[in-house]
file structure-v6.cif (mmCIF, C-alpha atoms)
data_target
loop_
_atom_site.label_atom_id
_atom_site.label_comp_id
_atom_site.auth_asym_id
_atom_site.auth_seq_id
_atom_site.Cartn_x
_atom_site.Cartn_y
_atom_site.Cartn_z
CA MET K 1 -25.33 -38.53 -27.57
CA THR K 2 -27.78 -36.34 -25.65
CA LEU K 3 -28.05 -32.67 -24.74
CA THR K 4 -27.80 -33.71 -21.09
CA GLN K 5 -24.42 -35.32 -21.71
CA LEU K 6 -23.17 -32.21 -23.46
CA ARG K 7 -24.50 -30.01 -20.65
CA TYR K 8 -22.66 -32.13 -18.07
CA LEU K 9 -19.50 -32.01 -20.16
CA ILE K 10 -19.58 -28.21 -20.24
CA ALA K 11 -20.40 -28.06 -16.52
CA ILE K 12 -17.29 -30.09 -15.73
CA ALA K 13 -15.09 -27.81 -17.83
CA ASP K 14 -16.59 -24.64 -16.33
CA ALA K 15 -16.15 -26.02 -12.80
CA GLY K 16 -12.40 -26.35 -13.32
CA LEU K 17 -12.70 -30.14 -13.78
CA ASN K 18 -14.20 -30.47 -10.30
CA ILE K 19 -16.88 -33.12 -10.78
CA THR K 20 -18.41 -32.53 -7.34
CA LEU K 21 -18.87 -28.82 -8.04
CA ALA K 22 -20.14 -29.53 -11.57
CA ALA K 23 -22.73 -31.98 -10.19
CA GLU K 24 -23.96 -29.35 -7.73
CA ARG K 25 -24.32 -26.77 -10.49
CA VAL K 26 -26.41 -29.03 -12.74
CA HIS K 27 -28.37 -30.52 -9.81
CA ALA K 28 -27.09 -34.03 -10.47
CA THR K 29 -25.29 -36.63 -8.42
CA GLN K 30 -21.56 -37.09 -8.83
CA PRO K 31 -21.88 -40.80 -9.76
CA GLY K 32 -24.60 -39.96 -12.30
CA LEU K 33 -22.52 -37.26 -13.92
CA SER K 34 -19.44 -39.50 -14.07
CA LYS K 35 -21.48 -42.32 -15.62
CA LEU K 36 -22.84 -40.11 -18.41
CA LEU K 37 -19.35 -38.76 -19.08
CA ARG K 38 -17.98 -42.29 -19.48
CA GLN K 39 -20.87 -43.20 -21.78
CA LEU K 40 -20.13 -40.18 -23.96
CA GLU K 41 -16.44 -41.03 -24.16
CA ASP K 42 -17.29 -44.66 -25.03
CA GLU K 43 -19.57 -43.49 -27.84
CA LEU K 44 -16.95 -41.08 -29.22
CA GLY K 45 -14.13 -43.58 -28.89
CA PHE K 46 -11.65 -41.32 -27.09
CA GLN K 47 -11.12 -39.60 -23.77
CA LEU K 48 -12.27 -36.04 -23.28
CA PHE K 49 -10.13 -35.52 -20.17
CA HIS K 50 -6.72 -36.62 -18.97
CA ARG K 51 -7.00 -38.35 -15.61
CA LYS K 52 -4.79 -38.70 -12.57
CA GLY K 53 -6.17 -41.52 -10.50
CA ARG K 54 -9.87 -40.83 -10.01
CA SER K 55 -9.53 -37.10 -10.66
CA LEU K 56 -9.69 -35.20 -13.95
CA HIS K 57 -6.36 -33.51 -14.67
CA ALA K 58 -6.77 -31.65 -17.99
CA ILE K 59 -8.92 -31.43 -21.12
CA THR K 60 -7.54 -33.47 -24.01
CA HIS K 61 -6.90 -31.94 -27.42
CA ALA K 62 -9.91 -33.82 -28.80
CA GLY K 63 -11.97 -32.75 -25.78
CA THR K 64 -11.26 -29.11 -26.55
CA HIS K 65 -12.81 -29.48 -30.01
CA VAL K 66 -15.83 -31.36 -28.62
CA LEU K 67 -16.37 -28.69 -25.94
CA GLU K 68 -16.32 -25.93 -28.54
CA ARG K 69 -19.02 -27.67 -30.59
CA ALA K 70 -21.01 -28.65 -27.49
CA ARG K 71 -21.31 -24.99 -26.48
CA ILE K 72 -22.61 -24.11 -29.95
CA ILE K 73 -25.15 -26.94 -29.86
CA LEU K 74 -26.46 -26.00 -26.41
CA ALA K 75 -26.61 -22.32 -27.36
CA GLU K 76 -28.72 -23.16 -30.41
CA ALA K 77 -30.95 -25.43 -28.32
CA ALA K 78 -31.47 -22.51 -25.93
CA ASN K 79 -32.29 -20.26 -28.90
CA ILE K 80 -34.95 -22.71 -30.08
CA ARG K 81 -36.49 -22.75 -26.60
CA SER K 82 -36.47 -18.93 -26.53
CA ILE K 83 -38.17 -18.74 -29.94
CA ALA K 84 -40.84 -21.19 -28.81
CA ALA K 85 -41.45 -19.37 -25.52
CA ASN K 86 -41.71 -16.00 -27.30
CA LEU K 87 -44.20 -17.41 -29.81
CA ARG K 88 -46.27 -18.76 -26.92
CA ASN K 89 -46.14 -15.32 -25.25
CA GLU K 90 -44.76 -17.06 -22.19
CA SER K 91 -44.01 -14.62 -19.40
CA ARG K 92 -42.13 -16.88 -17.01
CA GLY K 93 -38.48 -17.83 -16.93
CA THR K 94 -35.08 -16.79 -15.61
CA LEU K 95 -32.87 -13.83 -16.52
CA ARG K 96 -29.21 -14.45 -15.64
CA ILE K 97 -26.97 -11.39 -15.49
CA ALA K 98 -23.21 -11.25 -14.91
CA THR K 99 -21.95 -7.90 -13.73
CA THR K 100 -19.64 -6.17 -11.28
CA HIS K 101 -20.44 -5.50 -7.61
CA THR K 102 -20.79 -1.76 -8.27
CA GLN K 103 -23.35 -2.21 -11.06
CA ALA K 104 -25.28 -4.82 -9.06
CA ARG K 105 -25.36 -2.64 -5.95
CA PHE K 106 -25.93 0.85 -7.35
CA ALA K 107 -27.12 0.74 -10.99
CA LEU K 108 -29.34 -2.32 -11.34
CA PRO K 109 -31.82 -2.35 -8.40
CA SER K 110 -34.44 -0.01 -9.91
CA SER K 111 -34.36 -1.79 -13.29
CA VAL K 112 -34.62 -5.25 -11.73
CA ALA K 113 -37.51 -4.02 -9.56
CA ALA K 114 -39.29 -2.60 -12.63
CA LEU K 115 -38.89 -5.91 -14.46
CA SER K 116 -40.21 -7.86 -11.47
CA ARG K 117 -43.30 -5.68 -11.29
CA SER K 118 -44.08 -6.32 -14.95
CA TYR K 119 -42.98 -9.98 -14.99
CA PRO K 120 -43.68 -11.41 -11.51
CA GLN K 121 -43.01 -14.96 -12.78
CA VAL K 122 -39.51 -14.13 -14.02
CA SER K 123 -36.67 -14.71 -11.56
CA VAL K 124 -33.50 -12.65 -11.88
CA HIS K 125 -30.14 -14.16 -10.96
CA LEU K 126 -27.28 -11.67 -10.53
CA GLN K 127 -23.71 -12.92 -10.53
CA PRO K 128 -21.50 -10.10 -9.22
CA VAL K 129 -17.91 -10.93 -10.19
CA SER K 130 -14.70 -9.11 -11.07
CA ASP K 131 -14.42 -7.18 -14.34
CA SER K 132 -12.25 -9.87 -15.88
CA ASP K 133 -14.78 -12.64 -15.19
CA VAL K 134 -17.95 -10.94 -16.46
CA ILE K 135 -17.44 -11.61 -20.17
CA SER K 136 -16.13 -15.15 -19.60
CA LEU K 137 -19.42 -16.07 -17.91
CA LEU K 138 -21.27 -14.75 -20.98
CA ASP K 139 -18.98 -16.54 -23.42
CA SER K 140 -19.44 -19.85 -21.61
CA GLY K 141 -23.23 -19.55 -21.77
CA GLN K 142 -23.70 -19.33 -18.00
CA VAL K 143 -25.60 -16.02 -18.24
CA ASP K 144 -27.95 -14.36 -20.71
CA LEU K 145 -26.29 -10.96 -20.71
CA ALA K 146 -23.37 -9.14 -19.15
CA ILE K 147 -23.11 -5.60 -17.82
CA VAL K 148 -19.56 -4.27 -17.64
CA SER K 149 -17.70 -0.97 -17.96
CA THR K 150 -14.70 0.15 -19.99
CA ALA K 151 -12.73 3.38 -20.16
CA ALA K 152 -12.45 5.81 -23.09
CA GLY K 153 -15.57 4.49 -24.81
CA ALA K 154 -13.98 1.30 -26.18
CA PRO K 155 -16.49 -1.58 -26.26
CA PRO K 156 -15.63 -4.99 -24.79
CA PRO K 157 -13.90 -7.20 -27.38
CA ASN K 158 -16.42 -10.06 -27.33
CA GLY K 159 -20.12 -10.24 -28.09
CA ILE K 160 -22.50 -7.47 -29.10
CA ALA K 161 -21.93 -4.42 -26.91
CA LEU K 162 -24.74 -1.91 -26.41
CA PRO K 163 -23.81 1.34 -24.58
CA ALA K 164 -26.03 1.86 -21.54
CA TYR K 165 -24.60 5.08 -20.06
CA ARG K 166 -21.41 7.05 -19.46
CA TRP K 167 -19.96 7.85 -16.04
CA ASN K 168 -16.97 9.37 -14.29
CA ARG K 169 -14.87 8.43 -11.32
CA THR K 170 -15.25 10.42 -8.14
CA VAL K 171 -13.07 10.96 -5.10
CA VAL K 172 -14.39 10.56 -1.55
CA VAL K 173 -12.75 11.57 1.71
CA PRO K 174 -13.84 11.82 5.36
CA LYS K 175 -15.35 15.21 6.15
CA ASN K 176 -12.39 16.08 8.37
CA HIS K 177 -9.82 15.37 5.65
CA PRO K 178 -7.65 18.34 4.55
CA LEU K 179 -8.86 18.03 0.93
CA ALA K 180 -12.47 18.30 2.10
CA ARG K 181 -11.87 21.90 3.16
CA GLN K 182 -10.73 23.24 -0.21
CA LYS K 183 -13.29 24.63 -2.63
CA GLN K 184 -11.65 23.60 -5.90
CA PRO K 185 -11.46 19.97 -7.12
CA PRO K 186 -8.27 18.09 -6.21
CA THR K 187 -5.40 17.72 -8.66
CA LEU K 188 -3.60 14.51 -9.58
CA GLU K 189 -0.56 15.83 -7.70
CA GLN K 190 -2.64 16.20 -4.54
CA LEU K 191 -4.10 12.72 -4.88
CA ALA K 192 -0.66 11.21 -5.50
CA ALA K 193 0.51 12.69 -2.18
CA HIS K 194 -2.05 10.63 -0.25
CA PRO K 195 -2.71 6.88 0.11
CA LEU K 196 -5.47 5.78 -2.27
CA ILE K 197 -8.14 3.06 -2.08
CA SER K 198 -9.79 1.90 -5.29
CA TYR K 199 -11.03 -1.12 -7.24
CA ASP K 200 -9.02 -4.30 -7.80
CA SER K 201 -8.72 -3.41 -11.49
CA SER K 202 -6.65 -0.35 -10.52
CA LEU K 203 -3.63 -2.61 -10.03
CA LYS K 204 -3.61 -3.72 -13.66
CA PRO K 205 -1.07 -2.03 -15.96
CA GLU K 206 -3.83 -1.16 -18.44
CA SER K 207 -5.91 0.59 -15.76
CA SER K 208 -7.03 4.03 -16.95
CA LEU K 209 -6.59 5.29 -13.39
CA ILE K 210 -2.93 4.24 -13.37
CA ARG K 211 -2.43 5.64 -16.87
CA ALA K 212 -3.77 9.03 -15.78
CA PHE K 213 -1.14 9.31 -13.06
CA GLN K 214 1.65 7.96 -15.25
CA SER K 215 0.81 10.48 -18.00
CA ALA K 216 1.39 13.21 -15.42
CA GLY K 217 4.67 11.62 -14.31
CA LEU K 218 3.21 10.57 -10.95
CA ASP K 219 3.33 7.32 -9.00
CA PRO K 220 0.08 6.80 -7.00
CA GLN K 221 0.15 5.14 -3.57
CA ILE K 222 -2.59 2.51 -3.87
CA VAL K 223 -2.63 1.06 -0.37
CA MET K 224 -5.75 -1.07 -0.68
CA THR K 225 -8.11 -2.40 -3.34
CA ALA K 226 -11.50 -4.10 -3.26
CA SER K 227 -14.10 -5.27 -5.76
CA ASP K 228 -16.93 -3.78 -3.71
CA ALA K 229 -17.43 -0.01 -3.57
CA ASP K 230 -19.05 -0.27 -0.13
CA LEU K 231 -15.82 -1.81 1.16
CA ILE K 232 -13.82 1.04 -0.37
CA LYS K 233 -16.00 3.57 1.45
CA THR K 234 -15.75 1.58 4.70
CA TYR K 235 -11.96 1.82 4.73
CA VAL K 236 -12.05 5.47 3.71
CA ARG K 237 -14.12 6.03 6.85
CA GLU K 238 -11.46 4.21 8.86
CA GLY K 239 -8.85 6.67 7.60
CA LEU K 240 -6.79 4.28 5.48
CA GLY K 241 -6.82 6.57 2.47
CA ILE K 242 -8.73 8.53 -0.18
CA GLY K 243 -11.33 6.58 -2.13
CA VAL K 244 -11.45 6.65 -5.94
CA LEU K 245 -14.60 4.93 -7.17
CA ALA K 246 -17.46 5.07 -9.66
CA GLU K 247 -19.64 8.13 -9.18
CA MET K 248 -22.84 6.06 -8.87
CA ALA K 249 -21.36 4.42 -5.76
CA TYR K 250 -21.46 7.69 -3.82
CA GLN K 251 -24.93 8.23 -2.31
CA PRO K 252 -25.29 11.71 -0.76
CA ASN K 253 -28.29 10.77 1.37
CA HIS K 254 -26.50 7.73 2.80
CA ASP K 255 -22.82 8.69 2.79
CA THR K 256 -23.35 11.78 4.94
CA ASP K 257 -20.05 11.29 6.76
CA LEU K 258 -18.08 11.49 3.51
CA ARG K 259 -17.31 14.39 1.19
CA GLU K 260 -17.38 13.90 -2.58
CA LEU K 261 -14.70 15.72 -4.56
CA GLY K 262 -15.23 16.14 -8.30
CA ALA K 263 -12.76 14.30 -10.51
CA ASP K 264 -14.32 14.60 -13.96
CA ASN K 265 -11.23 16.24 -15.44
CA LEU K 266 -8.72 13.88 -13.82
CA PHE K 267 -9.62 10.51 -15.28
CA ALA K 268 -11.02 9.26 -18.57
CA ALA K 269 -14.80 8.84 -18.64
CA CYS K 270 -16.11 5.27 -18.64
CA THR K 271 -18.98 3.60 -20.48
CA THR K 272 -21.18 0.86 -19.08
CA TRP K 273 -22.17 -1.73 -21.69
CA ILE K 274 -24.85 -4.37 -22.00
CA VAL K 275 -23.11 -7.26 -23.75
CA LEU K 276 -25.00 -10.05 -25.54
CA ARG K 277 -23.80 -13.25 -27.16
CA ARG K 278 -23.74 -13.07 -30.94
CA GLU K 279 -26.65 -14.78 -32.68
CA SER K 280 -28.48 -15.31 -29.40
CA VAL K 281 -32.28 -15.19 -29.24
CA LEU K 282 -33.42 -13.21 -26.23
CA ARG K 283 -36.66 -13.76 -24.37
CA GLU K 284 -39.12 -10.87 -24.53
CA TYR K 285 -38.56 -10.05 -20.88
CA ALA K 286 -34.80 -9.78 -21.51
CA LEU K 287 -35.44 -7.25 -24.28
CA ASP K 288 -37.78 -5.39 -21.96
CA PHE K 289 -35.14 -5.34 -19.24
CA ILE K 290 -32.67 -3.74 -21.67
CA SER K 291 -35.24 -1.08 -22.61
CA VAL K 292 -35.71 -0.25 -18.92
CA PHE K 293 -32.02 -0.21 -17.98
CA ALA K 294 -31.10 1.81 -21.07
CA PRO K 295 -34.23 3.52 -22.47
CA HIS K 296 -32.34 5.03 -25.44
CA LEU K 297 -31.66 1.48 -26.76
CA GLU K 298 -34.82 1.13 -28.83
CA ARG K 299 -36.20 -2.39 -28.76
CA ARG K 300 -36.30 -3.02 -32.52
CA ALA K 301 -32.78 -1.62 -32.92
CA VAL K 302 -31.49 -4.05 -30.30
CA SER K 303 -33.11 -6.93 -32.18
CA ARG K 304 -31.46 -5.74 -35.40
CA ALA K 305 -28.09 -5.52 -33.68
CA LEU K 306 -28.44 -9.13 -32.56
CA THR K 307 -28.92 -10.30 -36.12
CA SER K 308 -26.38 -7.96 -37.73
CA GLY K 309 -23.70 -8.12 -35.05
CA GLY K 310 -23.53 -4.33 -34.65
CA THR K 311 -21.65 -2.90 -31.68
CA GLY K 312 -20.04 0.32 -30.41
CA THR K 313 -21.33 3.82 -29.63
CA SER K 314 -21.42 5.25 -33.17
CA GLN K 315 -24.74 3.63 -34.11
CA TRP K 316 -26.33 4.50 -30.75
CA PRO K 317 -26.58 8.30 -30.56
CA GLY K 318 -27.66 9.98 -27.38
CA VAL K 319 -25.94 7.70 -24.88
CA PRO K 320 -26.81 9.43 -21.58
CA HIS K 321 -24.50 10.24 -18.72
CA TRP K 322 -25.26 8.61 -15.37
CA ARG K 323 -26.43 11.98 -14.00
CA GLU K 324 -28.93 12.33 -16.86
CA ARG K 325 -30.17 8.75 -16.76
CA GLN K 326 -33.81 8.12 -15.84
CA VAL K 327 -35.08 4.57 -15.38
CA PRO K 328 -38.80 3.98 -16.06
CA LEU K 329 -40.86 2.76 -13.12
CA LYS K 330 -42.24 -0.13 -15.15
CA VAL K 331 -41.60 -2.02 -18.34
CA ALA K 332 -43.32 -0.53 -21.36
CA GLU K 333 -45.78 -2.63 -23.31
CA PRO K 334 -44.01 -4.25 -26.30
CA LEU K 335 -44.90 -2.84 -29.68
CA VAL K 336 -46.98 -5.12 -31.88
CA GLU K 337 -45.62 -5.53 -35.39
CA ALA K 338 -48.08 -4.82 -38.19
CA GLN K 339 -49.07 -7.99 -40.05
#

call {"tool": "encode", "arguments": {"input": "structure-v6.cif", "output": "structure tokens"}}
result
Amino acid sequence: MTLTQLRYLIAIADAGLNITLAAERVHATQPGLSKLLRQLEDELGFQLFHRKGRSLHAITHAGTHVLERARIILAEAANIRSIAANLRNESRGTLRIATTHTQARFALPSSVAALSRSYPQVSVHLQPVSDSDVISLLDSGQVDLAIVSTAAGAPPPNGIALPAYRWNRTVVVPKNHPLARQKQPPTLEQLAAHPLISYDSSLKPESSLIRAFQSAGLDPQIVMTASDADLIKTYVREGLGIGVLAEMAYQPNHDTDLRELGADNLFAACTTWIVLRRESVLREYALDFISVFAPHLERRAVSRALTSGGTGTSQWPGVPHWRERQVPLKVAEPLVEAQ
């Protein structure tokens, strides 16, 4: 049994049992991947997948247990490599981040740029996906960290969650919209009287946006959803409805044809979290990236949280609001521990 066989096994599972896609993801040939899978099954003495003809149909009960252990083994192998690279003061590598389109487009660029200036040999791979897929990519070991938001300050259920900043929703309308002419912020009743455009997550029953309307006895008219805030603004411009989106997605210098209407008191505030796998060993540049993206998360405290499993906002005082957040222009030099 080899680490390569286990890596291929996990790749097949994460590709939805599509061997062609799995082979592409691990930069292998389909025949080579299939051969190593058969060799692993022969060594174990049972099948890891149910088959229909030449295709994989489902993971067997035994395969589920093997996959669980394979992920642990590969995660520990990655930790050993990270420890070795840190001890060698190696400044090259890859930082893989799963996040939403809004975070990738509006919150991360300055932090990624700062990291690239300090670590020119580190490549950053962003995987913008829906809210529901961000944590699953982290859990499966496909990324090093996840950046995702939740409402009402509740941390994500999995991993070690570090609060990066708080933010509110905002409402945007074309400048010629009737609501753009009033001086006071809109009410929920006014918003419910108009078609709304918001994120895909707004259609879920647990959506804090939906709950805000329901608590007021209102039924919002959500006529369109999208995962990308730029798409929401595009269709607001076309007159399809009022946009409800994250406040960082409204850019006054760019969105000059839109009017932002304050909505701080209408919807629950949200928190953006940096989520790490428990017991993971981060490369130095990953820790530096966290310190740039969320300067209040002191580097040593993050390392302690990784070993102790701490999470939530209570142990991280001073979580800034998006409007107060200032990202350093470069990564700070790491502190040297006294010997």

call {"tool": "residues_near_point", "arguments": {"input": "structure-v6.cif", "point": "(-5.7, -0.7, -3.7)", "cutoff": "8 Å", "atoms": "only C-alpha atoms", "output": "PyMOL selection string"}}
result
chain K and resi 196-200+202-203+222-226

call {"tool": "resolve_selection", "arguments": {"input": "structure-v6.cif", "expression": "the PyMOL selection byres ((chain K and resi 207) around 12)", "output": "compact mmCIF listing (two decimals) with C-alpha atoms, keeping the file's coordinate frame"}}
result
# COMPACT_ATOMS: atom_id res chain seq x y z
CA ASP K 131 -14.42 -7.18 -14.34
CA THR K 150 -14.70 0.15 -19.99
CA ALA K 151 -12.73 3.38 -20.16
CA ALA K 152 -12.45 5.81 -23.09
CA SER K 198 -9.79 1.90 -5.29
CA TYR K 199 -11.03 -1.12 -7.24
CA ASP K 200 -9.02 -4.30 -7.80
CA SER K 201 -8.72 -3.41 -11.49
CA SER K 202 -6.65 -0.35 -10.52
CA LEU K 203 -3.63 -2.61 -10.03
CA LYS K 204 -3.61 -3.72 -13.66
CA PRO K 205 -1.07 -2.03 -15.96
CA GLU K 206 -3.83 -1.16 -18.44
CA SER K 208 -7.03 4.03 -16.95
CA LEU K 209 -6.59 5.29 -13.39
CA ILE K 210 -2.93 4.24 -13.37
CA ARG K 211 -2.43 5.64 -16.87
CA ALA K 212 -3.77 9.03 -15.78
CA PHE K 213 -1.14 9.31 -13.06
CA GLN K 214 1.65 7.96 -15.25
CA PHE K 267 -9.62 10.51 -15.28
CA ALA K 268 -11.02 9.26 -18.57
CA CYS K 270 -16.11 5.27 -18.64

call {"tool": "atom_distance", "arguments": {"input": "structure-v6.cif", "atom1": "CA of Val171 in chain K", "atom2": "CA of Asp264 in chain K"}}
result
9.7 Å

call {"tool": "residues_around", "arguments": {"input": "structure-v6.cif", "residues": "Thr234 in chain K", "least_positions_apart": "3", "cutoff": "12 Å", "atoms": "all atoms listed in the file", "output": "list in words"}}
result
Val172, Val173, Pro174, Ile197, Ser198, Met224, Thr225, Ala226, Asp228, Ala229, Asp230, Leu231, Arg237, Glu238, Gly239, Leu240, Gly241, Ile242, Gly243, Tyr250, Asp255, Asp257 and Leu258 of chain K

call {"tool": "atom_distance", "arguments": {"input": "structure-v6.cif", "atom1": "CA of Leu137 in chain K", "atom2": "CA of Ile19 in chain K"}}
result
18.7 Å

call {"tool": "atom_distance", "arguments": {"input": "structure-v6.cif", "atom1": "CA of Gly262 in chain K", "atom2": "CA of Thr170 in chain K"}}
result
5.7 Å

call {"tool": "resolve_selection", "arguments": {"input": "structure-v6.cif", "expression": "the PyMOL selection byres ((chain K and resi 61-75) around 9)", "output": "ChimeraX atom specification"}}
result
/K:3,6-7,9-10,13,46-49,59-60,76-80,140-141,280

call {"tool": "write_last_selection", "arguments": {"input": "structure-v6.cif", "atoms": "C-alpha atoms", "output": "mmCIF file, in the frame of the given file"}}
result
data_model
loop_
_atom_site.group_PDB
_atom_site.id
_atom_site.type_symbol
_atom_site.label_atom_id
_atom_site.label_comp_id
_atom_site.auth_asym_id
_atom_site.auth_seq_id
_atom_site.Cartn_x
_atom_site.Cartn_y
_atom_site.Cartn_z
ATOM 1 C CA LEU K 3 -28.050 -32.670 -24.740
ATOM 2 C CA LEU K 6 -23.170 -32.210 -23.460
ATOM 3 C CA ARG K 7 -24.500 -30.010 -20.650
ATOM 4 C CA LEU K 9 -19.500 -32.010 -20.160
ATOM 5 C CA ILE K 10 -19.580 -28.210 -20.240
ATOM 6 C CA ALA K 13 -15.090 -27.810 -17.830
ATOM 7 C CA PHE K 46 -11.650 -41.320 -27.090
ATOM 8 C CA GLN K 47 -11.120 -39.600 -23.770
ATOM 9 C CA LEU K 48 -12.270 -36.040 -23.280
ATOM 10 C CA PHE K 49 -10.130 -35.520 -20.170
ATOM 11 C CA ILE K 59 -8.920 -31.430 -21.120
ATOM 12 C CA THR K 60 -7.540 -33.470 -24.010
ATOM 13 C CA GLU K 76 -28.720 -23.160 -30.410
ATOM 14 C CA ALA K 77 -30.950 -25.430 -28.320
ATOM 15 C CA ALA K 78 -31.470 -22.510 -25.930
ATOM 16 C CA ASN K 79 -32.290 -20.260 -28.900
ATOM 17 C CA ILE K 80 -34.950 -22.710 -30.080
ATOM 18 C CA SER K 140 -19.440 -19.850 -21.610
ATOM 19 C CA GLY K 141 -23.230 -19.550 -21.770
ATOM 20 C CA SER K 280 -28.480 -15.310 -29.400
#

call {"tool": "resolve_selection", "arguments": {"input": "structure-v6.cif", "expression": "the PyMOL selection byres ((chain K and resi 97-108) around 8)", "output": "MDAnalysis selection string"}}
result
chainID K and resid 95:96 109:112 124:131 134:135 137:138 143:148 227:229 246 248:249 293

call {"tool": "axis_aligned_box", "arguments": {"input": "structure-v6.cif", "around": "range 33-47 of chain K", "padding_each_side": "6 Å", "output": "lines of an AutoDock Vina configuration file"}}
result
center_x = -17.0
center_y = -41.0
center_z = -21.6
size_x = 23.7
size_y = 19.4
size_z = 27.3
